[in-house]
Amino acid sequence: MSPAMTKSITLNGAPHRSAAATIADLVRELELVPEKVAVERNGAIVPRSTLGQAALAEGDMLEIVHFVGGGDHAGADTWTVAGRSFTSRLIVGTGKYKSFEQNAAAVEASGAQIVTVAVRRVNVSDPKAPMLTDFIDPKTITYLPNTAGCFTGDEAVRTLRLAREAGGWDLVKLEVLGEARTLYPDMRETLKATEVLAKEGFLPMVYCADDPIAAKQLEDAGAVAIMPLGAPIGSGLGIQNRVTIRLIVEGAKVPVLVDAGVGTASDAAVGMELGCDGILMNTAIAEAKDPIRMARAMKLAVEAGREAYLAGRMARRMYADPSSPLAGLI
């Protein structure tokens, strides 16, 4: 379409060129449905019934609106990983629960929008046995395939290739463990696997040591999120080194989420107060005496920690500073 055949108009406050003859043609050109929008032209409402007869003219100023969900979504405190946005900053695991029903109830109570899932062989002896997907719908909750239990990069890559084939997932969680006693990550194998996965089109969120240098190397290798441990997996010890977590947060250009070691709500709040984008946990909820209540507590802790971080804490002082003035005492 040559420029001479198009009209220059202002559409929703921005310059726009269109070859449409009528306003209805313009609406369809924008892939909208004329019956579902309202149009104002040059300050006057154009009745919907006349859009097909209303000629579009050079210099017209149009506002086209439609109904969207209520509330100020633009101001929502979301976080984004690999182009996908979430409002919940809590990711929960799906292991160690007494039943799928309990697991699903905990996920609901936590408000989590992402759950990690392990990739395991199908039980061929009982193919009709209940599955996680029967209780937690992958259409409403994002599944994050995890390489838990892998001790080499090759094992982890193979596992995630199978996960992508099974469910089409490209956003995945990579962890390559160094040994069974500590479950600390093998960073050399982790880095190699990250490079392979990134080249194959995966979007790896990567579990790693709380090491700012290693975190940067993973980011450069293609990690879409850095997930440093707070303490050994399943230990519940809480964040042991706040300094290195803070340094990782300050140096990263991708989301940083504490992964492993959280034991109770205050641990989750600490991670968020350090500026992390989110917290991942499993055992802290699954092994609580009341997992559903703990899931709710973790939801509130993550939200409180995030609010505290955004608020900016008071400066630390070496000595007392009275809240009330001392002058004018009786």
# chains A, B, ... in the order shown; residues from 1 in each chain; ligands from 1
call {"tool": "residues_around", "arguments": {"residues": "Arg181 (chain A)", "least_positions_apart": "6", "cutoff": "12 Å", "atoms": "only C-alpha atoms", "output": "VMD selection string"}}
result
chain A and resid 232 to 235
call {"tool": "select_by_dssp", "arguments": {"residues": "region 65-205 of chain A", "states": "alpha helix (DSSP H)", "output": "number ranges by chain"}}
result
A: 100-110, 153-167, 187-199
call {"tool": "write_last_selection", "arguments": {"atoms": "N, CA, C and O atoms", "output": "compact mmCIF listing (two decimals), in the first residue's frame"}}
result
# COMPACT_ATOMS: atom_id res chain seq x y z
N PHE A 100 -1.57 -36.13 47.01
CA PHE A 100 -1.76 -35.11 45.98
C PHE A 100 -2.78 -34.07 46.43
O PHE A 100 -2.66 -32.89 46.11
N GLU A 101 -3.79 -34.50 47.19
CA GLU A 101 -4.81 -33.58 47.67
C GLU A 101 -4.19 -32.52 48.59
O GLU A 101 -4.50 -31.33 48.48
N GLN A 102 -3.33 -32.96 49.49
CA GLN A 102 -2.67 -32.01 50.39
C GLN A 102 -1.77 -31.06 49.62
O GLN A 102 -1.71 -29.86 49.90
N ASN A 103 -1.07 -31.60 48.64
CA ASN A 103 -0.19 -30.79 47.80
C ASN A 103 -0.99 -29.70 47.09
O ASN A 103 -0.62 -28.52 47.09
N ALA A 104 -2.10 -30.08 46.50
CA ALA A 104 -2.93 -29.11 45.77
C ALA A 104 -3.48 -28.04 46.70
O ALA A 104 -3.53 -26.85 46.35
N ALA A 105 -3.89 -28.45 47.90
CA ALA A 105 -4.43 -27.48 48.86
C ALA A 105 -3.35 -26.50 49.31
O ALA A 105 -3.61 -25.30 49.50
N ALA A 106 -2.12 -26.99 49.48
CA ALA A 106 -1.02 -26.11 49.87
C ALA A 106 -0.68 -25.12 48.77
O ALA A 106 -0.40 -23.94 49.04
N VAL A 107 -0.70 -25.58 47.53
CA VAL A 107 -0.44 -24.67 46.41
C VAL A 107 -1.48 -23.57 46.37
O VAL A 107 -1.17 -22.39 46.21
N GLU A 108 -2.74 -23.94 46.56
CA GLU A 108 -3.81 -22.93 46.55
C GLU A 108 -3.63 -21.94 47.69
O GLU A 108 -3.77 -20.73 47.51
N ALA A 109 -3.30 -22.44 48.88
CA ALA A 109 -3.13 -21.55 50.03
C ALA A 109 -1.93 -20.62 49.87
O ALA A 109 -1.94 -19.49 50.36
N SER A 110 -0.92 -21.09 49.16
CA SER A 110 0.30 -20.29 48.97
C SER A 110 0.12 -19.18 47.95
O SER A 110 0.89 -18.23 47.92
N GLY A 153 25.81 -33.15 34.32
CA GLY A 153 25.15 -32.28 33.37
C GLY A 153 24.42 -33.05 32.29
O GLY A 153 23.32 -32.68 31.88
N ASP A 154 25.01 -34.15 31.84
CA ASP A 154 24.37 -34.97 30.80
C ASP A 154 23.04 -35.53 31.27
O ASP A 154 22.06 -35.56 30.52
N GLU A 155 22.99 -36.00 32.54
CA GLU A 155 21.73 -36.52 33.09
C GLU A 155 20.67 -35.43 33.11
O GLU A 155 19.50 -35.67 32.77
N ALA A 156 21.07 -34.24 33.52
CA ALA A 156 20.13 -33.13 33.63
C ALA A 156 19.58 -32.73 32.26
O ALA A 156 18.37 -32.52 32.09
N VAL A 157 20.45 -32.64 31.28
CA VAL A 157 20.03 -32.26 29.93
C VAL A 157 19.08 -33.31 29.36
O VAL A 157 18.04 -33.00 28.76
N ARG A 158 19.45 -34.59 29.55
CA ARG A 158 18.59 -35.67 29.05
C ARG A 158 17.20 -35.60 29.69
O ARG A 158 16.18 -35.77 29.01
N THR A 159 17.17 -35.35 31.00
CA THR A 159 15.90 -35.26 31.72
C THR A 159 15.02 -34.15 31.17
O THR A 159 13.81 -34.32 30.96
N LEU A 160 15.62 -32.99 30.90
CA LEU A 160 14.83 -31.86 30.42
C LEU A 160 14.41 -32.01 28.97
O LEU A 160 13.37 -31.50 28.56
N ARG A 161 15.20 -32.72 28.19
CA ARG A 161 14.75 -33.03 26.83
C ARG A 161 13.49 -33.88 26.87
O ARG A 161 12.55 -33.67 26.09
N LEU A 162 13.46 -34.85 27.78
CA LEU A 162 12.28 -35.69 27.93
C LEU A 162 11.09 -34.86 28.43
O LEU A 162 9.95 -35.05 28.00
N ALA A 163 11.36 -33.93 29.35
CA ALA A 163 10.30 -33.08 29.89
C ALA A 163 9.68 -32.23 28.79
O ALA A 163 8.45 -32.07 28.72
N ARG A 164 10.53 -31.70 27.91
CA ARG A 164 10.00 -30.88 26.82
C ARG A 164 9.17 -31.73 25.86
O ARG A 164 8.13 -31.29 25.37
N GLU A 165 9.60 -32.94 25.64
CA GLU A 165 8.84 -33.83 24.76
C GLU A 165 7.50 -34.19 25.39
O GLU A 165 6.47 -34.28 24.71
N ALA A 166 7.50 -34.39 26.72
CA ALA A 166 6.28 -34.82 27.40
C ALA A 166 5.26 -33.70 27.53
O ALA A 166 4.05 -33.92 27.38
N GLY A 167 5.72 -32.48 27.81
CA GLY A 167 4.77 -31.40 28.08
C GLY A 167 4.98 -30.14 27.28
O GLY A 167 4.25 -29.16 27.46
N MET A 187 29.12 -26.80 40.28
CA MET A 187 29.01 -25.62 39.43
C MET A 187 29.63 -25.81 38.06
O MET A 187 29.18 -25.23 37.07
N ARG A 188 30.66 -26.64 37.95
CA ARG A 188 31.26 -26.89 36.64
C ARG A 188 30.27 -27.61 35.73
O ARG A 188 30.06 -27.20 34.58
N GLU A 189 29.63 -28.66 36.25
CA GLU A 189 28.63 -29.39 35.48
C GLU A 189 27.39 -28.52 35.21
O GLU A 189 26.78 -28.59 34.14
N THR A 190 27.02 -27.71 36.19
CA THR A 190 25.86 -26.83 36.04
C THR A 190 26.09 -25.84 34.91
O THR A 190 25.19 -25.59 34.08
N LEU A 191 27.28 -25.26 34.86
CA LEU A 191 27.58 -24.28 33.81
C LEU A 191 27.56 -24.94 32.43
O LEU A 191 26.99 -24.38 31.47
N LYS A 192 28.15 -26.12 32.32
CA LYS A 192 28.15 -26.82 31.03
C LYS A 192 26.73 -27.14 30.57
O LYS A 192 26.37 -26.95 29.41
N ALA A 193 25.89 -27.60 31.50
CA ALA A 193 24.51 -27.94 31.15
C ALA A 193 23.72 -26.70 30.76
O ALA A 193 22.90 -26.74 29.84
N THR A 194 23.98 -25.58 31.43
CA THR A 194 23.29 -24.33 31.10
C THR A 194 23.60 -23.92 29.67
O THR A 194 22.69 -23.52 28.91
N GLU A 195 24.85 -24.02 29.27
CA GLU A 195 25.24 -23.65 27.90
C GLU A 195 24.54 -24.54 26.87
O GLU A 195 24.03 -24.06 25.85
N VAL A 196 24.48 -25.85 27.15
CA VAL A 196 23.83 -26.78 26.21
C VAL A 196 22.34 -26.47 26.10
O VAL A 196 21.78 -26.39 25.00
N LEU A 197 21.69 -26.29 27.24
CA LEU A 197 20.24 -26.04 27.25
C LEU A 197 19.89 -24.74 26.53
O LEU A 197 18.93 -24.68 25.76
N ALA A 198 20.69 -23.70 26.78
CA ALA A 198 20.42 -22.41 26.13
C ALA A 198 20.54 -22.53 24.62
O ALA A 198 19.73 -21.97 23.87
N LYS A 199 21.53 -23.28 24.15
CA LYS A 199 21.72 -23.46 22.71
C LYS A 199 20.57 -24.25 22.08
O LYS A 199 20.27 -24.09 20.89
call {"tool": "residues_around", "arguments": {"residues": "Lys289 (chain A)", "least_positions_apart": "6", "cutoff": "12 Å", "atoms": "only C-alpha atoms", "output": "PyMOL selection string"}}
result
chain A and resi 97-98+264+283+295
call {"tool": "atom_distance", "arguments": {"atom1": "CA of Gly83 (chain A)", "atom2": "CA of Gln217 (chain A)"}}
result
21.0 Å
call {"tool": "atom_distance", "arguments": {"atom1": "CA of Glu179 (chain A)", "atom2": "CA of Val92 (chain A)"}}
result
23.4 Å
call {"tool": "residues_around", "arguments": {"residues": "region 204-216 of chain A", "least_positions_apart": "6", "cutoff": "8 Å", "atoms": "only C-alpha atoms", "output": "PyMOL selection string"}}
result
chain A and resi 170-176+184-185+187+190+194+197-198+222-230+241+244-245+247-248+251-252+259
call {"tool": "atom_distance", "arguments": {"atom1": "CA of Gly95 (chain A)", "atom2": "CA of Glu307 (chain A)"}}
result
29.2 Å
call {"tool": "closest_residue", "arguments": {"among": "A:Ile114, A:Leu310, A:Ala44, A:Ala284", "to": "Lys139 (chain A)", "atoms": "only C-alpha atoms"}}
result
A:Ile114
call {"tool": "closest_residue", "arguments": {"among": "A:Ile292, A:Ala180, A:Ala320, A:Ala269", "to": "Ala304 (chain A)", "atoms": "only C-alpha atoms"}}
result
A:Ala269
call {"tool": "select_by_dssp", "arguments": {"residues": "region 129-243 of chain A", "states": "strand (DSSP E or B)", "output": "ChimeraX atom specification"}}
result
/A:142-146,171-174,177,185,203-208,225-228
call {"tool": "write_last_selection", "arguments": {"atoms": "C-alpha atoms", "output": "PDB file, in the first residue's frame"}}
result
ATOM      1  CA  THR A 142       2.875 -23.138  35.430  1.00  0.00           C
ATOM      2  CA  TYR A 143       4.828 -26.368  35.711  1.00  0.00           C
ATOM      3  CA  LEU A 144       8.576 -25.940  36.082  1.00  0.00           C
ATOM      4  CA  PRO A 145      10.288 -29.265  35.254  1.00  0.00           C
ATOM      5  CA  ASN A 146      13.168 -29.858  37.621  1.00  0.00           C
ATOM      6  CA  LEU A 171      11.026 -22.852  30.927  1.00  0.00           C
ATOM      7  CA  VAL A 172      12.824 -25.315  33.201  1.00  0.00           C
ATOM      8  CA  LYS A 173      14.731 -25.515  36.461  1.00  0.00           C
ATOM      9  CA  LEU A 174      18.246 -26.887  36.227  1.00  0.00           C
ATOM     10  CA  LEU A 177      24.188 -31.903  42.379  1.00  0.00           C
ATOM     11  CA  PRO A 185      25.516 -27.907  43.250  1.00  0.00           C
ATOM     12  CA  LEU A 203      14.997 -21.201  29.217  1.00  0.00           C
ATOM     13  CA  PRO A 204      16.869 -22.497  32.270  1.00  0.00           C
ATOM     14  CA  MET A 205      16.309 -21.147  35.769  1.00  0.00           C
ATOM     15  CA  VAL A 206      19.446 -22.381  37.485  1.00  0.00           C
ATOM     16  CA  TYR A 207      20.083 -23.576  41.058  1.00  0.00           C
ATOM     17  CA  CYS A 208      23.568 -22.564  42.128  1.00  0.00           C
ATOM     18  CA  ALA A 225      17.066 -16.735  36.389  1.00  0.00           C
ATOM     19  CA  ILE A 226      19.683 -17.276  39.078  1.00  0.00           C
ATOM     20  CA  MET A 227      18.633 -19.407  42.066  1.00  0.00           C
ATOM     21  CA  PRO A 228      21.287 -19.385  44.795  1.00  0.00           C
TER      22      PRO A 228
END
call {"tool": "residues_around", "arguments": {"residues": "Gly238 (chain A)", "least_positions_apart": "2", "cutoff": "9 Å", "atoms": "only C-alpha atoms", "output": "mmCIF file with N, CA, C and O atoms, in the first residue's frame"}}
result
data_model
loop_
_atom_site.group_PDB
_atom_site.id
_atom_site.type_symbol
_atom_site.label_atom_id
_atom_site.label_comp_id
_atom_site.auth_asym_id
_atom_site.auth_seq_id
_atom_site.Cartn_x
_atom_site.Cartn_y
_atom_site.Cartn_z
ATOM 1 N N GLY A 230 20.022 -20.796 49.900
ATOM 2 C CA GLY A 230 20.133 -20.053 51.150
ATOM 3 C C GLY A 230 20.851 -20.887 52.188
ATOM 4 O O GLY A 230 21.560 -20.375 53.055
ATOM 5 N N ALA A 231 20.654 -22.198 52.101
ATOM 6 C CA ALA A 231 21.280 -23.193 52.967
ATOM 7 C C ALA A 231 21.083 -24.528 52.264
ATOM 8 O O ALA A 231 20.386 -24.607 51.248
ATOM 9 N N SER A 235 17.286 -28.386 54.597
ATOM 10 C CA SER A 235 17.840 -28.209 55.938
ATOM 11 C C SER A 235 16.981 -27.314 56.822
ATOM 12 O O SER A 235 16.988 -27.442 58.044
ATOM 13 N N GLY A 236 16.279 -26.352 56.231
ATOM 14 C CA GLY A 236 15.478 -25.424 57.019
ATOM 15 C C GLY A 236 16.290 -24.465 57.863
ATOM 16 O O GLY A 236 15.767 -23.866 58.806
ATOM 17 N N GLN A 240 21.949 -18.362 55.153
ATOM 18 C CA GLN A 240 23.170 -18.348 55.950
ATOM 19 C C GLN A 240 24.139 -17.232 55.590
ATOM 20 O O GLN A 240 24.947 -16.822 56.404
ATOM 21 N N ALA A 260 16.223 -23.164 48.239
ATOM 22 C CA ALA A 260 16.723 -24.146 49.206
ATOM 23 C C ALA A 260 17.127 -23.494 50.517
ATOM 24 O O ALA A 260 17.756 -22.438 50.540
ATOM 25 N N GLY A 261 16.744 -24.159 51.603
ATOM 26 C CA GLY A 261 17.186 -23.759 52.926
ATOM 27 C C GLY A 261 16.163 -23.020 53.759
ATOM 28 O O GLY A 261 16.345 -22.865 54.970
ATOM 29 N N VAL A 262 15.105 -22.534 53.136
ATOM 30 C CA VAL A 262 14.082 -21.819 53.900
ATOM 31 C C VAL A 262 13.396 -22.793 54.859
ATOM 32 O O VAL A 262 13.036 -23.902 54.474
ATOM 33 N N GLY A 263 13.212 -22.354 56.114
ATOM 34 C CA GLY A 263 12.580 -23.222 57.095
ATOM 35 C C GLY A 263 11.271 -22.695 57.619
ATOM 36 O O GLY A 263 10.364 -23.453 57.928
ATOM 37 N N THR A 264 11.165 -21.361 57.711
ATOM 38 C CA THR A 264 9.957 -20.761 58.232
ATOM 39 C C THR A 264 9.734 -19.403 57.584
ATOM 40 O O THR A 264 10.549 -18.951 56.768
ATOM 41 N N SER A 266 9.921 -16.279 58.479
ATOM 42 C CA SER A 266 10.904 -15.200 58.614
ATOM 43 C C SER A 266 12.065 -15.377 57.644
ATOM 44 O O SER A 266 12.643 -14.389 57.172
ATOM 45 N N ASP A 267 12.416 -16.629 57.307
ATOM 46 C CA ASP A 267 13.487 -16.867 56.340
ATOM 47 C C ASP A 267 13.077 -16.348 54.961
ATOM 48 O O ASP A 267 13.880 -15.754 54.237
ATOM 49 N N ALA A 268 11.826 -16.581 54.590
ATOM 50 C CA ALA A 268 11.332 -16.104 53.298
ATOM 51 C C ALA A 268 11.326 -14.585 53.263
ATOM 52 O O ALA A 268 11.692 -13.969 52.250
ATOM 53 N N VAL A 270 13.278 -12.573 54.898
ATOM 54 C CA VAL A 270 14.667 -12.095 54.795
ATOM 55 C C VAL A 270 15.124 -12.098 53.341
ATOM 56 O O VAL A 270 15.734 -11.144 52.853
#
call {"tool": "residues_around", "arguments": {"residues": "Ala265 (chain A)", "least_positions_apart": "5", "cutoff": "12 Å", "atoms": "only C-alpha atoms", "output": "ChimeraX atom specification"}}
result
/A:90,110,236-239,270-272,279,281,284-285,288,293-305
call {"tool": "write_last_selection", "arguments": {"atoms": "N, CA, C and O atoms", "output": "compact mmCIF listing (two decimals), in the first residue's frame"}}
result
# COMPACT_ATOMS: atom_id res chain seq x y z
N LEU A 90 6.24 -16.46 45.06
CA LEU A 90 6.51 -17.70 45.77
C LEU A 90 6.34 -18.87 44.82
O LEU A 90 5.30 -19.03 44.19
N SER A 110 -0.92 -21.09 49.16
CA SER A 110 0.30 -20.29 48.97
C SER A 110 0.12 -19.18 47.95
O SER A 110 0.89 -18.23 47.92
N GLY A 236 16.28 -26.35 56.23
CA GLY A 236 15.48 -25.42 57.02
C GLY A 236 16.29 -24.47 57.86
O GLY A 236 15.77 -23.87 58.81
N LEU A 237 17.55 -24.28 57.52
CA LEU A 237 18.43 -23.43 58.33
C LEU A 237 18.26 -21.94 58.04
O LEU A 237 18.79 -21.10 58.78
N GLY A 238 17.56 -21.61 56.99
CA GLY A 238 17.41 -20.19 56.64
C GLY A 238 18.62 -19.69 55.87
O GLY A 238 19.59 -20.41 55.64
N ILE A 239 18.57 -18.43 55.46
CA ILE A 239 19.64 -17.86 54.65
C ILE A 239 20.88 -17.65 55.51
O ILE A 239 20.87 -16.89 56.48
N VAL A 270 13.28 -12.57 54.90
CA VAL A 270 14.67 -12.10 54.80
C VAL A 270 15.12 -12.10 53.34
O VAL A 270 15.73 -11.14 52.85
N GLY A 271 14.84 -13.17 52.63
CA GLY A 271 15.25 -13.25 51.23
C GLY A 271 14.65 -12.14 50.40
O GLY A 271 15.31 -11.54 49.55
N MET A 272 13.38 -11.84 50.66
CA MET A 272 12.73 -10.77 49.91
C MET A 272 13.27 -9.41 50.31
O MET A 272 13.40 -8.50 49.48
N ILE A 279 11.08 -16.52 46.02
CA ILE A 279 11.59 -17.58 46.89
C ILE A 279 11.01 -18.91 46.41
O ILE A 279 9.81 -18.99 46.09
N MET A 281 10.52 -22.93 47.57
CA MET A 281 10.62 -23.83 48.72
C MET A 281 9.75 -25.05 48.52
O MET A 281 8.79 -25.03 47.75
N ALA A 284 9.91 -26.81 53.59
CA ALA A 284 9.42 -25.91 54.65
C ALA A 284 7.90 -25.96 54.76
O ALA A 284 7.34 -25.81 55.84
N ILE A 285 7.23 -26.17 53.64
CA ILE A 285 5.77 -26.28 53.67
C ILE A 285 5.35 -27.74 53.86
O ILE A 285 4.55 -28.06 54.73
N ALA A 288 5.91 -29.15 57.40
CA ALA A 288 5.33 -28.44 58.54
C ALA A 288 4.24 -29.29 59.18
O ALA A 288 3.64 -30.14 58.51
N ARG A 293 -1.53 -24.26 56.57
CA ARG A 293 -1.32 -23.01 57.31
C ARG A 293 0.06 -22.44 57.02
O ARG A 293 0.23 -21.23 56.88
N MET A 294 1.07 -23.30 56.93
CA MET A 294 2.42 -22.81 56.63
C MET A 294 2.46 -22.22 55.22
O MET A 294 3.16 -21.22 54.99
N ALA A 295 1.74 -22.79 54.30
CA ALA A 295 1.70 -22.23 52.94
C ALA A 295 1.14 -20.82 52.97
O ALA A 295 1.65 -19.92 52.29
N ARG A 296 0.09 -20.61 53.76
CA ARG A 296 -0.47 -19.25 53.89
C ARG A 296 0.54 -18.31 54.54
O ARG A 296 0.69 -17.15 54.14
N ALA A 297 1.26 -18.82 55.55
CA ALA A 297 2.26 -18.00 56.23
C ALA A 297 3.37 -17.59 55.27
O ALA A 297 3.84 -16.44 55.29
N MET A 298 3.80 -18.52 54.42
CA MET A 298 4.86 -18.21 53.46
C MET A 298 4.39 -17.18 52.44
O MET A 298 5.15 -16.29 52.04
N LYS A 299 3.15 -17.26 52.03
CA LYS A 299 2.59 -16.28 51.10
C LYS A 299 2.67 -14.89 51.72
O LYS A 299 3.14 -13.93 51.08
N LEU A 300 2.24 -14.77 52.96
CA LEU A 300 2.25 -13.47 53.64
C LEU A 300 3.68 -12.99 53.89
O LEU A 300 3.97 -11.79 53.78
N ALA A 301 4.59 -13.91 54.21
CA ALA A 301 5.98 -13.53 54.48
C ALA A 301 6.66 -12.98 53.23
O ALA A 301 7.39 -11.99 53.30
N VAL A 302 6.42 -13.63 52.10
CA VAL A 302 7.01 -13.16 50.85
C VAL A 302 6.46 -11.77 50.52
O VAL A 302 7.22 -10.87 50.11
N GLU A 303 5.17 -11.59 50.70
CA GLU A 303 4.58 -10.28 50.43
C GLU A 303 5.11 -9.22 51.38
O GLU A 303 5.43 -8.09 50.96
N ALA A 304 5.24 -9.56 52.67
CA ALA A 304 5.74 -8.59 53.65
C ALA A 304 7.20 -8.24 53.37
O ALA A 304 7.59 -7.07 53.46
N GLY A 305 8.00 -9.24 53.05
CA GLY A 305 9.41 -8.97 52.75
C GLY A 305 9.58 -8.08 51.53
O GLY A 305 10.44 -7.20 51.49
call {"tool": "residues_around", "arguments": {"residues": "Lys7 (chain A)", "least_positions_apart": "5", "cutoff": "9 Å", "atoms": "only C-alpha atoms", "output": "NGL selection string"}}
result
:A and (16-20 or 56-60)
call {"tool": "closest_residue", "arguments": {"among": "A:Ala38, A:Met131, A:Val46, A:Ala54", "to": "Ala21 (chain A)", "atoms": "only C-alpha atoms"}}
result
A:Ala54
